[in-house]
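S.K.: For reference, this is coords27.cif, and it has mmCIF, C-alpha atoms and all ligand atoms.
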data_my_file
#
loop_
_atom_site.label_atom_id
_atom_site.label_comp_id
_atom_site.auth_asym_id
_atom_site.auth_seq_id
_atom_site.Cartn_x
_atom_site.Cartn_y
_atom_site.Cartn_z
CA MET A 1 -7.62 -11.25 26.61
CA GLU A 2 -10.22 -9.64 28.90
CA LYS A 3 -8.46 -7.68 31.59
CA THR A 4 -9.56 -6.83 35.13
CA ILE A 5 -7.79 -3.79 36.55
CA ILE A 6 -7.68 -3.65 40.34
CA PRO A 7 -6.22 -0.42 41.74
CA ILE A 8 -5.63 -0.77 45.50
CA ALA A 9 -6.08 2.46 47.45
CA SER A 10 -6.58 3.60 51.03
CA GLY A 11 -7.24 6.88 52.80
CA LYS A 12 -4.78 6.12 55.59
CA GLY A 13 -1.23 4.90 55.09
CA GLY A 14 0.14 1.64 56.43
CA VAL A 15 -3.12 -0.34 56.25
CA GLY A 16 -1.62 -3.12 54.10
CA LYS A 17 -2.04 -2.10 50.44
CA SER A 18 1.40 -3.30 49.32
CA PHE A 19 1.12 -6.49 51.35
CA VAL A 20 -2.26 -7.30 49.77
CA ALA A 21 -1.15 -6.24 46.25
CA ALA A 22 1.86 -8.58 46.36
CA ASN A 23 0.31 -11.63 47.99
CA LEU A 24 -3.03 -11.38 46.20
CA SER A 25 -1.17 -11.20 42.86
CA ILE A 26 0.74 -14.37 43.74
CA ALA A 27 -2.51 -16.11 44.77
CA LEU A 28 -4.24 -15.12 41.50
CA ALA A 29 -1.21 -16.30 39.50
CA GLU A 30 -1.36 -19.63 41.34
CA LEU A 31 -4.96 -19.97 40.19
CA GLY A 32 -3.55 -19.90 36.66
CA LYS A 33 -4.38 -16.26 35.89
CA LYS A 34 -1.92 -14.09 33.93
CA VAL A 35 -1.12 -11.30 36.37
CA ILE A 36 0.89 -8.08 36.29
CA VAL A 37 1.43 -6.21 39.54
CA ALA A 38 2.62 -2.60 39.27
CA ASP A 39 4.05 -0.24 41.86
CA LEU A 40 2.31 3.12 41.53
CA ASP A 41 3.24 4.39 44.96
CA PHE A 42 5.64 7.04 43.69
CA GLY A 43 7.91 8.38 46.37
CA GLY A 44 7.16 5.33 48.52
CA SER A 45 7.73 2.41 46.14
CA ASN A 46 8.32 -0.72 48.21
CA LEU A 47 6.20 -3.38 46.53
CA HIS A 48 9.32 -5.23 45.37
CA THR A 49 10.12 -5.94 49.04
CA CYS A 50 6.77 -7.68 49.58
CA LEU A 51 7.44 -9.75 46.44
CA GLY A 52 10.94 -10.70 47.58
CA ILE A 53 12.46 -8.93 44.56
CA LYS A 54 15.61 -6.76 44.60
CA ASN A 55 15.24 -3.07 44.00
CA ILE A 56 17.34 -2.91 40.84
CA HIS A 57 14.84 -2.82 38.02
CA PRO A 58 14.03 0.12 35.79
CA GLY A 59 10.34 0.90 36.01
CA ILE A 60 7.59 3.46 35.54
CA GLY A 61 9.95 6.32 36.50
CA ASP A 62 12.17 5.42 33.54
CA PHE A 63 9.14 5.10 31.25
CA VAL A 64 7.97 8.61 32.15
CA ARG A 65 11.35 10.37 32.39
CA ALA A 66 13.26 8.67 29.60
CA HIS A 67 10.22 8.76 27.27
CA LEU A 68 10.47 5.02 26.69
CA SER A 69 7.98 3.93 24.10
CA LYS A 70 6.55 0.82 25.77
CA LEU A 71 5.84 -0.34 29.29
CA ASP A 72 6.01 -4.02 28.24
CA ASN A 73 9.80 -3.92 28.00
CA LEU A 74 9.99 -3.04 31.70
CA LEU A 75 8.04 -6.04 32.94
CA VAL A 76 10.11 -8.33 35.16
CA GLU A 77 9.48 -12.07 35.40
CA THR A 78 9.13 -13.24 39.01
CA GLU A 79 9.80 -16.60 40.64
CA HIS A 80 6.05 -17.20 40.37
CA GLU A 81 4.72 -18.61 37.15
CA ASN A 82 2.15 -16.25 35.50
CA LEU A 83 3.23 -13.23 37.59
CA ARG A 84 5.17 -10.27 36.21
CA PHE A 85 6.19 -7.15 38.10
CA LEU A 86 6.40 -3.53 36.97
CA ALA A 87 8.70 -1.45 39.20
CA GLY A 88 7.88 2.09 40.38
CA ASP A 89 10.19 5.05 40.67
CA VAL A 90 12.97 3.98 43.03
CA ARG A 91 15.51 5.17 40.44
CA SER A 92 13.69 8.37 39.55
CA PRO A 93 12.91 10.97 42.26
CA PHE A 94 9.82 13.21 42.48
CA LEU A 95 7.74 11.16 40.07
CA ALA A 96 4.73 11.72 42.35
CA ASN A 97 4.66 15.24 40.88
CA MET A 98 4.46 14.06 37.26
CA ARG A 99 2.65 16.33 34.82
CA HIS A 100 -0.91 15.68 33.65
CA VAL A 101 0.13 14.65 30.13
CA GLN A 102 2.70 12.23 31.54
CA LYS A 103 0.04 10.69 33.76
CA MET A 104 -2.45 10.34 30.91
CA ARG A 105 0.19 8.62 28.75
CA LEU A 106 1.04 6.29 31.62
CA ILE A 107 -2.63 5.41 32.23
CA SER A 108 -3.20 4.70 28.56
CA ASN A 109 -0.11 2.44 28.41
CA LEU A 110 -1.09 0.60 31.59
CA LYS A 111 -4.49 -0.12 30.06
CA GLN A 112 -2.78 -1.69 27.05
CA LEU A 113 -0.70 -4.20 29.05
CA GLU A 114 -1.66 -7.76 28.18
CA CYS A 115 -2.77 -9.84 31.15
CA GLU A 116 -5.91 -11.08 32.88
CA TYR A 117 -5.38 -9.14 36.10
CA LEU A 118 -3.54 -5.84 36.44
CA ILE A 119 -3.05 -5.08 40.13
CA LEU A 120 -1.98 -1.52 40.98
CA ASP A 121 -0.41 -0.73 44.35
CA LEU A 122 -1.23 2.96 44.94
CA GLY A 123 0.14 5.48 47.40
CA SER A 124 -2.05 6.49 50.33
CA GLY A 125 -3.88 9.80 50.40
CA SER A 126 -5.76 11.72 47.76
CA THR A 127 -3.42 13.46 45.35
CA TYR A 128 -4.91 13.97 41.89
CA ASN A 129 -2.57 11.30 40.52
CA THR A 130 -3.69 8.65 43.01
CA LEU A 131 -7.37 9.55 42.46
CA ASP A 132 -6.92 9.25 38.68
CA PHE A 133 -5.18 5.87 38.94
CA PHE A 134 -8.01 4.70 41.19
CA GLY A 135 -10.49 5.94 38.56
CA MET A 136 -8.98 3.72 35.83
CA THR A 137 -11.90 1.35 36.50
CA HIS A 138 -15.32 1.62 38.13
CA LEU A 139 -14.44 -1.22 40.49
CA GLY A 140 -11.45 -0.20 42.60
CA MET A 141 -10.33 -1.83 45.84
CA ILE A 142 -10.13 0.19 49.06
CA ILE A 143 -8.32 -1.19 52.06
CA THR A 144 -9.10 -0.01 55.55
CA THR A 145 -8.69 -1.35 59.04
CA THR A 146 -11.63 -1.44 61.44
CA GLU A 147 -10.26 1.59 63.34
CA HIS A 148 -12.29 4.78 63.27
CA THR A 149 -9.47 6.96 61.87
CA SER A 150 -8.82 4.54 59.04
CA ASN A 151 -12.52 4.49 58.13
CA MET A 152 -12.81 8.26 58.30
CA ASN A 153 -9.82 8.55 55.96
CA MET A 154 -11.39 6.05 53.57
CA LEU A 155 -14.58 8.12 53.45
CA THR A 156 -12.60 11.31 52.88
CA PHE A 157 -10.68 9.62 50.08
CA LEU A 158 -13.95 8.63 48.42
CA LYS A 159 -15.44 12.10 48.87
CA LEU A 160 -12.43 13.67 47.15
CA PHE A 161 -12.63 11.00 44.47
CA ALA A 162 -16.29 11.98 43.93
CA PHE A 163 -15.29 15.64 43.55
CA ARG A 164 -12.66 14.59 41.02
CA VAL A 165 -15.17 12.53 39.00
CA ILE A 166 -17.72 15.35 39.08
CA GLU A 167 -15.06 17.93 38.18
CA ARG A 168 -14.06 15.86 35.17
CA SER A 169 -17.69 15.59 34.05
CA LEU A 170 -17.97 19.38 33.62
CA PRO A 171 -17.18 21.12 30.35
CA LYS A 172 -13.62 22.49 30.55
CA ASN A 173 -12.83 26.19 31.01
CA THR A 174 -16.41 27.19 31.61
CA PHE A 175 -18.17 29.11 34.35
CA LEU A 176 -19.23 25.78 35.91
CA ASP A 177 -15.73 24.41 35.97
CA GLU A 178 -14.50 27.60 37.62
CA LYS A 179 -17.35 27.60 40.14
CA MET A 180 -16.56 24.02 41.18
CA ARG A 181 -12.94 24.96 41.88
CA ASP A 182 -14.07 28.13 43.69
CA SER A 183 -16.31 26.10 45.96
CA TYR A 184 -13.22 24.29 47.33
CA ASN A 185 -12.13 27.62 48.90
CA ARG A 186 -14.71 27.66 51.66
CA THR A 187 -14.63 30.20 54.46
CA VAL A 188 -14.68 28.84 58.01
CA GLU A 189 -18.31 29.95 58.47
CA GLU A 190 -19.55 27.91 55.51
CA GLU A 191 -20.83 24.34 55.78
CA PHE A 192 -18.67 21.39 54.76
CA LEU A 193 -18.75 20.63 51.07
CA THR A 194 -20.67 17.42 50.36
CA VAL A 195 -21.25 15.35 47.23
CA SER A 196 -24.99 16.13 47.16
CA GLY A 197 -24.27 19.80 48.01
CA ILE A 198 -21.97 20.21 45.05
CA LEU A 199 -24.38 18.44 42.68
CA GLU A 200 -27.17 20.78 43.89
CA GLU A 201 -25.00 23.82 43.18
CA ILE A 202 -24.30 22.57 39.66
CA SER A 203 -27.97 21.76 39.15
CA LYS A 204 -28.93 25.38 39.87
CA ILE A 205 -26.82 26.38 36.88
CA ASP A 206 -27.36 23.43 34.51
CA ARG A 207 -29.59 20.55 35.49
CA ASN A 208 -28.53 18.30 32.59
CA ILE A 209 -24.86 18.59 33.40
CA ALA A 210 -25.60 17.91 37.08
CA ASN A 211 -27.52 14.77 36.11
CA GLU A 212 -24.72 13.59 33.87
CA ALA A 213 -22.13 14.21 36.60
CA GLU A 214 -24.25 12.25 39.09
CA GLN A 215 -24.66 9.36 36.64
CA ASN A 216 -20.90 9.30 36.08
CA TRP A 217 -20.36 9.20 39.82
CA ILE A 218 -22.82 6.50 40.78
CA ARG A 219 -21.33 4.10 38.24
CA TYR A 220 -18.42 3.58 40.62
CA ARG A 221 -18.69 0.70 43.04
CA PRO A 222 -15.66 0.39 45.30
CA ARG A 223 -14.87 -2.96 46.83
CA ILE A 224 -13.88 -2.66 50.48
CA ILE A 225 -11.42 -4.93 52.24
CA PHE A 226 -10.87 -4.82 55.99
CA ASN A 227 -7.33 -5.69 56.99
CA LYS A 228 -5.66 -6.18 60.39
CA CYS A 229 -8.93 -7.33 61.91
CA ASN A 230 -8.50 -8.93 65.35
CA LEU A 231 -12.02 -10.11 66.14
CA PRO A 232 -15.00 -10.59 63.82
CA GLY A 233 -17.09 -8.34 66.11
CA GLU A 234 -15.02 -5.41 64.84
CA LEU A 235 -17.03 -5.64 61.62
CA ASP A 236 -20.06 -4.34 63.55
CA ILE A 237 -19.00 -0.92 62.21
CA VAL A 238 -19.96 -1.98 58.68
CA PRO A 239 -23.64 -0.86 58.80
CA SER A 240 -22.64 2.66 59.82
CA ILE A 241 -20.11 2.80 56.97
CA GLU A 242 -22.80 1.57 54.62
CA ASN A 243 -25.11 4.28 55.85
CA HIS A 244 -22.45 6.94 55.34
CA PHE A 245 -21.93 5.70 51.78
CA LYS A 246 -25.62 6.08 51.05
CA GLN A 247 -26.26 9.39 52.83
CA ASN A 248 -23.07 11.33 52.23
CA LEU A 249 -21.47 9.77 49.17
CA LEU A 250 -24.64 8.72 47.26
CA LEU A 251 -22.73 5.54 46.53
CA LYS A 252 -22.96 1.77 46.88
CA GLY A 253 -19.92 -0.28 47.82
CA ASP A 254 -19.37 -4.00 48.25
CA TYR A 255 -17.78 -5.44 51.38
CA PHE A 256 -15.50 -7.89 49.77
CA GLY A 257 -13.09 -9.34 52.26
CA CYS A 258 -11.72 -9.46 55.77
CA LEU A 259 -8.09 -10.28 56.57
CA PHE A 260 -7.08 -10.94 60.15
CA THR A 261 -3.98 -9.65 61.93
CA ASP A 262 -1.21 -12.23 61.79
CA ALA A 263 2.38 -12.08 63.03
CA ALA A 264 3.37 -13.94 59.85
CA VAL A 265 2.97 -10.66 57.95
CA THR A 266 5.48 -8.89 60.19
CA ARG A 267 7.91 -11.75 59.66
CA ALA A 268 7.48 -11.63 55.90
CA PHE A 269 8.16 -7.87 55.95
CA GLN A 270 11.21 -8.28 58.18
CA GLU A 271 12.66 -11.01 56.01
CA ARG A 272 11.65 -9.22 52.76
CA LYS A 273 10.01 -12.36 51.49
CA THR A 274 6.56 -13.35 50.33
CA LEU A 275 4.13 -14.81 52.85
CA LYS A 276 4.27 -18.12 51.04
CA ASN A 277 8.03 -18.34 51.49
CA VAL A 278 7.87 -17.43 55.17
CA GLU A 279 4.65 -19.03 56.51
CA PRO A 280 3.00 -21.18 53.85
CA TYR A 281 0.41 -22.54 56.29
CA SER A 282 -0.51 -19.27 58.02
CA HIS A 283 -4.11 -18.17 58.55
CA ILE A 284 -3.44 -14.92 56.74
CA LEU A 285 -2.38 -16.79 53.61
CA GLU A 286 -5.64 -18.72 53.86
CA ASP A 287 -7.48 -15.36 54.04
CA ILE A 288 -5.61 -14.14 50.96
CA HIS A 289 -6.53 -17.31 49.04
CA LEU A 290 -10.19 -16.88 50.02
CA LEU A 291 -10.03 -13.33 48.71
CA ALA A 292 -8.36 -14.39 45.44
CA ASP A 293 -10.98 -17.06 44.88
CA ARG A 294 -13.80 -14.60 45.57
CA ILE A 295 -12.26 -12.10 43.14
CA THR A 296 -12.14 -14.61 40.30
CA ARG A 297 -15.80 -15.49 40.85
CA LEU A 298 -17.44 -12.25 41.88
CA TRP A 299 -15.30 -9.18 41.20
CA LYS A 300 -17.44 -7.77 38.40
CA LYS A 301 -20.81 -8.54 39.98
CA PRO A 302 -22.69 -6.39 42.48
CA ILE A 303 -23.09 -8.49 45.61
CA ARG A 304 -26.41 -8.39 47.44
CA ASN A 305 -26.15 -8.08 51.23
CA SER A 306 -22.36 -8.02 51.02
CA ALA A 307 -22.09 -6.33 54.43
CA SER A 308 -23.96 -9.01 56.38
CA LEU A 309 -22.43 -11.80 54.27
CA LEU A 310 -18.93 -10.61 55.11
CA GLN A 311 -19.81 -10.35 58.80
CA SER A 312 -21.15 -13.90 58.99
CA ASN A 313 -18.39 -15.42 56.80
CA SER A 314 -15.68 -13.82 58.90
CA LYS A 315 -17.30 -15.02 62.09
CA ASP A 316 -17.40 -18.60 60.74
CA VAL A 317 -13.75 -18.50 59.64
CA PHE A 318 -12.67 -17.11 63.00
CA GLU A 319 -14.66 -19.65 65.07
CA LYS A 320 -13.40 -22.57 63.00
CA ARG A 321 -9.83 -21.48 63.72
CA LEU A 322 -10.54 -21.20 67.46
CA LYS A 323 -11.81 -24.80 67.51
CA LYS A 324 -8.67 -26.18 65.82
N1 LIG A 401 -2.91 -8.68 58.25
C1 LIG A 401 -1.82 -8.14 58.83
N2 LIG A 401 -1.36 -8.61 60.03
C2 LIG A 401 -0.28 -8.07 60.61
N3 LIG A 401 0.42 -7.03 60.11
C3 LIG A 401 0.04 -6.51 58.94
C4 LIG A 401 -1.09 -7.04 58.23
N4 LIG A 401 -1.22 -6.34 57.08
C5 LIG A 401 -0.22 -5.43 57.08
N5 LIG A 401 0.54 -5.52 58.19
C6 LIG A 401 1.70 -4.68 58.55
O1 LIG A 401 1.36 -3.33 58.30
C7 LIG A 401 2.47 -2.62 57.82
C8 LIG A 401 2.09 -1.81 56.59
O2 LIG A 401 1.81 -2.67 55.52
P1 LIG A 401 1.94 -2.16 54.01
O3 LIG A 401 3.28 -1.56 53.78
O4 LIG A 401 1.48 -3.24 53.13
O5 LIG A 401 0.86 -0.98 54.05
P2 LIG A 401 0.59 0.12 52.93
O6 LIG A 401 -0.86 0.45 53.03
O7 LIG A 401 1.11 -0.33 51.63
O8 LIG A 401 1.47 1.34 53.47
P3 LIG A 401 1.85 2.70 52.67
O9 LIG A 401 0.64 3.56 52.78
O10 LIG A 401 3.01 3.23 53.45
O11 LIG A 401 2.17 2.32 51.27
C9 LIG A 401 3.59 -3.64 57.57
O12 LIG A 401 4.55 -3.49 58.58
C10 LIG A 401 2.92 -4.99 57.68
O13 LIG A 401 3.73 -5.92 58.34
MG MG A 402 2.45 0.54 50.27
#
Could you express the structure from this file as structure tokens?

M.R.:
Amino acid sequence: MEKTIIPIASGKGGVGKSFVAANLSIALAELGKKVIVADLDFGGSNLHTCLGIKNIHPGIGDFVRAHLSKLDNLLVETEHENLRFLAGDVRSPFLANMRHVQKMRLISNLKQLECEYLILDLGSGSTYNTLDFFGMTHLGMIITTTEHTSNMNMLTFLKLFAFRVIERSLPKNTFLDEKMRDSYNRTVEEEFLTVSGILEEISKIDRNIANEAEQNWIRYRPRIIFNKCNLPGELDIVPSIENHFKQNLLLKGDYFGCLFTDAAVTRAFQERKTLKNVEPYSHILEDIHLLADRITRLWKKPIRNSASLLQSNSKDVFEKRLKK
């Protein structure tokens, strides 16, 4: 079975990762896809709440700590056909600090799970663990709001992710490897560390390795989702984000979806139920279904003009709703 892994990350917390992970998984399962949704927000696991599931199941914490041999045995059937849930670490404290070997074993076991879509709800911020879960595929999902701080945090997340990818492209325990780590300890007088700056530094020492690191980096193509949008005009920030991607991150992204603010989400959170159970005819559920449909058709393809397409689509959706 061909599997699409979708890790869901964000620079800033509280932008809606768990909400999207849960409700998007349900929407994909309703389209007949075999879906597993896993809670990888260690220390902050709350995905079960968004799925309307009780917090009683053993999960990844038990897999890591109790050295269980298989993740499959921990999968929980949900009330939704085709959707299974893998719990996080609610029963196992401090898993966010798991050791490198534990993380690598977890990643390899996650990749072996049998399904068509594996959705990963990540923690916010840029710990090595979160960056490595995000790097399980070249096509990760980043959620941001249209607020400046949220966008800045998204760009910082991606910059640190770039450093991580470049770092992992260097031969281990060499002068280069050491130099890369040294360059993180900048003095206040030095300029900010940038993706192109670091590649230039490496290139001065070994041009081939710098080229290889750059090739490894530019293979990534994050898919960006704006959540908690109030008006379509807020997406006017997209060209400047696009520009930042090109200039500072040397990267292309696709602007994949826009979800509007809706009080139905607050209600679903308060009642610890899925959106479908609380407000089956809400606009936000419509937005989620649009996103799920787009994912099944376009997730693995680069989308031309995705920024302007998203702007015009969102405007149409919004205006149609105003007319109703
Ligand atoms: N489209 C939306 N409209 C209204 N409220 C929303 C929307 N999306 C998310 N929220 C609200 O934002 C809050 C945070 O959502 P959620 O927990 O999914 O974010 P998160 O990114 O997973 O947070 P964390 O970083 O803490 O894991 C919730 O209270 C939820 O009700
Ligand atoms: Mg969350």

S.K.: Using only C-alpha atoms and all ligand atoms, find each protein or nucleic acid residue lying at most 10 Å from ligand MG 402 (chain A); present the set as an MDAnalysis selection string.

M.R.: chainID A and resid 8:10 13:22 39:42 44:47 50 121:124

S.K.: Please identify all polymer residues within 9 Å of stretch 259-271 of chain A, counting all atoms listed in the file, omitting same-chain residues fewer than 4 positions from it, and present them as a count of residues only.

M.R.: 26

S.K.: Using all atoms listed in the file, which residue out of A:Ile198, A:Val35, A:Val64, A:Leu120 lies closest to ligand LIG 401 (chain A)?

M.R.: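 Looking at the shortest contact to ligand LIG 401 (chain A), the residue is A:Leu120.
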
S.K.: Would you compute the distance between atom CA of A:Thr156 and atom CA of A:Lys204? Give it in Å to one decimal.

M.R.: 25.2 Å

S.K.: Using only C-alpha atoms, determine which residues lie at most 10 Å from A:Asp236, disregarding the query and same-chain residues fewer than 2 positions distant; provide the list as a compact mmCIF listing (two decimals) with C-alpha atoms, keeping the file's coordinate frame.

M.R.:
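Okay, out.txt is ready:
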# COMPACT_ATOMS: atom_id res chain seq x y z
CA THR A 146 -11.63 -1.44 61.44
CA PRO A 232 -15.00 -10.59 63.82
CA GLY A 233 -17.09 -8.34 66.11
CA GLU A 234 -15.02 -5.41 64.84
CA VAL A 238 -19.96 -1.98 58.68
CA PRO A 239 -23.64 -0.86 58.80
CA SER A 240 -22.64 2.66 59.82
CA ILE A 241 -20.11 2.80 56.97
CA ALA A 307 -22.09 -6.33 54.43
CA SER A 308 -23.96 -9.01 56.38
CA GLN A 311 -19.81 -10.35 58.80

S.K.: Could you put an axis-aligned box around every listed atom of ligand LIG 401 (chain A), padded by 6 Å on each side, and send me its centre and edge lengths in Å to one decimal, as lines of an AutoDock Vina configuration file?

M.R.:
center_x = 0.8
center_y = -2.6
center_z = 55.9
size_x = 19.5
size_y = 24.2
size_z = 21.3

S.K.: For A:His67, please output as a PyMOL selection string all residues within 12 Å (counting all atoms listed in the file; exclusion window: fewer than 6 positions along the same chain).

M.R.: chain A and resi 59-61+102+105-106

S.K.: Could you pull out every residue with an atom within 10 Å of (9.0, 12.0, 44.8), file coordinates, counting only C-alpha atoms, and send them as a list of chain:residue names?

M.R.: A:Asp41, A:Phe42, A:Gly43, A:Gly44, A:Ser45, A:Asp89, A:Val90, A:Ser92, A:Pro93, A:Phe94, A:Leu95, A:Ala96, A:Asn97, A:Met98

S.K.: Atoms to include: C-alpha atoms. Write the selected residues as a PDB file, in the frame of the given file.

M.R.:
ATOM      1  CA  ASP A  41       3.240   4.390  44.960  1.00  0.00           C
ATOM      2  CA  PHE A  42       5.640   7.040  43.690  1.00  0.00           C
ATOM      3  CA  GLY A  43       7.910   8.380  46.370  1.00  0.00           C
ATOM      4  CA  GLY A  44       7.160   5.330  48.520  1.00  0.00           C
ATOM      5  CA  SER A  45       7.730   2.410  46.140  1.00  0.00           C
ATOM      6  CA  ASP A  89      10.190   5.050  40.670  1.00  0.00           C
ATOM      7  CA  VAL A  90      12.970   3.980  43.030  1.00  0.00           C
ATOM      8  CA  SER A  92      13.690   8.370  39.550  1.00  0.00           C
ATOM      9  CA  PRO A  93      12.910  10.970  42.260  1.00  0.00           C
ATOM     10  CA  PHE A  94       9.820  13.210  42.480  1.00  0.00           C
ATOM     11  CA  LEU A  95       7.740  11.160  40.070  1.00  0.00           C
ATOM     12  CA  ALA A  96       4.730  11.720  42.350  1.00  0.00           C
ATOM     13  CA  ASN A  97       4.660  15.240  40.880  1.00  0.00           C
ATOM     14  CA  MET A  98       4.460  14.060  37.260  1.00  0.00           C
TER      15      MET A  98
END

S.K.: Could you add the missing atoms to stretch 114-129 of chain A, up to N, CA, C and O atoms, and return them as a short mmCIF file (atom, residue, chain, number, x, y, z; two decimals), keeping the file's coordinate frame?

M.R.:
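Listing of part_11.cif after writing:
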data_model
loop_
_atom_site.label_atom_id
_atom_site.label_comp_id
_atom_site.auth_asym_id
_atom_site.auth_seq_id
_atom_site.Cartn_x
_atom_site.Cartn_y
_atom_site.Cartn_z
N GLU A 114 -0.90 -6.53 28.41
CA GLU A 114 -1.66 -7.76 28.18
C GLU A 114 -1.58 -8.69 29.37
O GLU A 114 -0.49 -9.19 29.71
N CYS A 115 -2.69 -8.90 30.02
CA CYS A 115 -2.77 -9.84 31.15
C CYS A 115 -4.24 -10.03 31.49
O CYS A 115 -5.10 -9.36 30.92
N GLU A 116 -4.52 -10.91 32.44
CA GLU A 116 -5.91 -11.08 32.88
C GLU A 116 -6.22 -10.19 34.09
O GLU A 116 -7.33 -9.72 34.26
N TYR A 117 -5.22 -10.02 34.94
CA TYR A 117 -5.38 -9.14 36.10
C TYR A 117 -4.22 -8.16 36.16
O TYR A 117 -3.05 -8.57 36.13
N LEU A 118 -4.56 -6.88 36.24
CA LEU A 118 -3.54 -5.84 36.44
C LEU A 118 -3.78 -5.25 37.83
O LEU A 118 -4.81 -4.60 38.07
N ILE A 119 -2.88 -5.55 38.74
CA ILE A 119 -3.05 -5.08 40.13
C ILE A 119 -2.14 -3.86 40.33
O ILE A 119 -0.94 -3.91 40.02
N LEU A 120 -2.73 -2.77 40.83
CA LEU A 120 -1.98 -1.52 40.98
C LEU A 120 -1.85 -1.16 42.46
O LEU A 120 -2.87 -0.92 43.13
N ASP A 121 -0.64 -1.13 42.96
CA ASP A 121 -0.41 -0.73 44.35
C ASP A 121 -0.26 0.80 44.37
O ASP A 121 0.71 1.34 43.86
N LEU A 122 -1.24 1.50 44.96
CA LEU A 122 -1.23 2.96 44.94
C LEU A 122 -0.64 3.52 46.23
O LEU A 122 -0.56 2.82 47.24
N GLY A 123 -0.30 4.81 46.19
CA GLY A 123 0.14 5.48 47.40
C GLY A 123 -1.08 5.82 48.25
O GLY A 123 -2.21 5.83 47.74
N SER A 124 -0.88 6.11 49.54
CA SER A 124 -2.05 6.49 50.33
C SER A 124 -2.33 7.98 50.13
O SER A 124 -1.47 8.71 49.63
N GLY A 125 -3.52 8.39 50.53
CA GLY A 125 -3.88 9.80 50.40
C GLY A 125 -4.56 10.08 49.08
O GLY A 125 -4.82 9.17 48.30
N SER A 126 -4.86 11.38 48.86
CA SER A 126 -5.76 11.72 47.76
C SER A 126 -5.17 12.77 46.81
O SER A 126 -5.84 13.74 46.48
N THR A 127 -3.95 12.56 46.37
CA THR A 127 -3.42 13.46 45.35
C THR A 127 -4.20 13.19 44.06
O THR A 127 -4.77 12.10 43.90
N TYR A 128 -4.21 14.16 43.15
CA TYR A 128 -4.91 13.97 41.89
C TYR A 128 -4.41 12.70 41.18
O TYR A 128 -5.18 11.95 40.61
N ASN A 129 -3.10 12.47 41.24
CA ASN A 129 -2.57 11.30 40.52
C ASN A 129 -3.17 10.01 41.08
O ASN A 129 -3.64 9.16 40.33
#
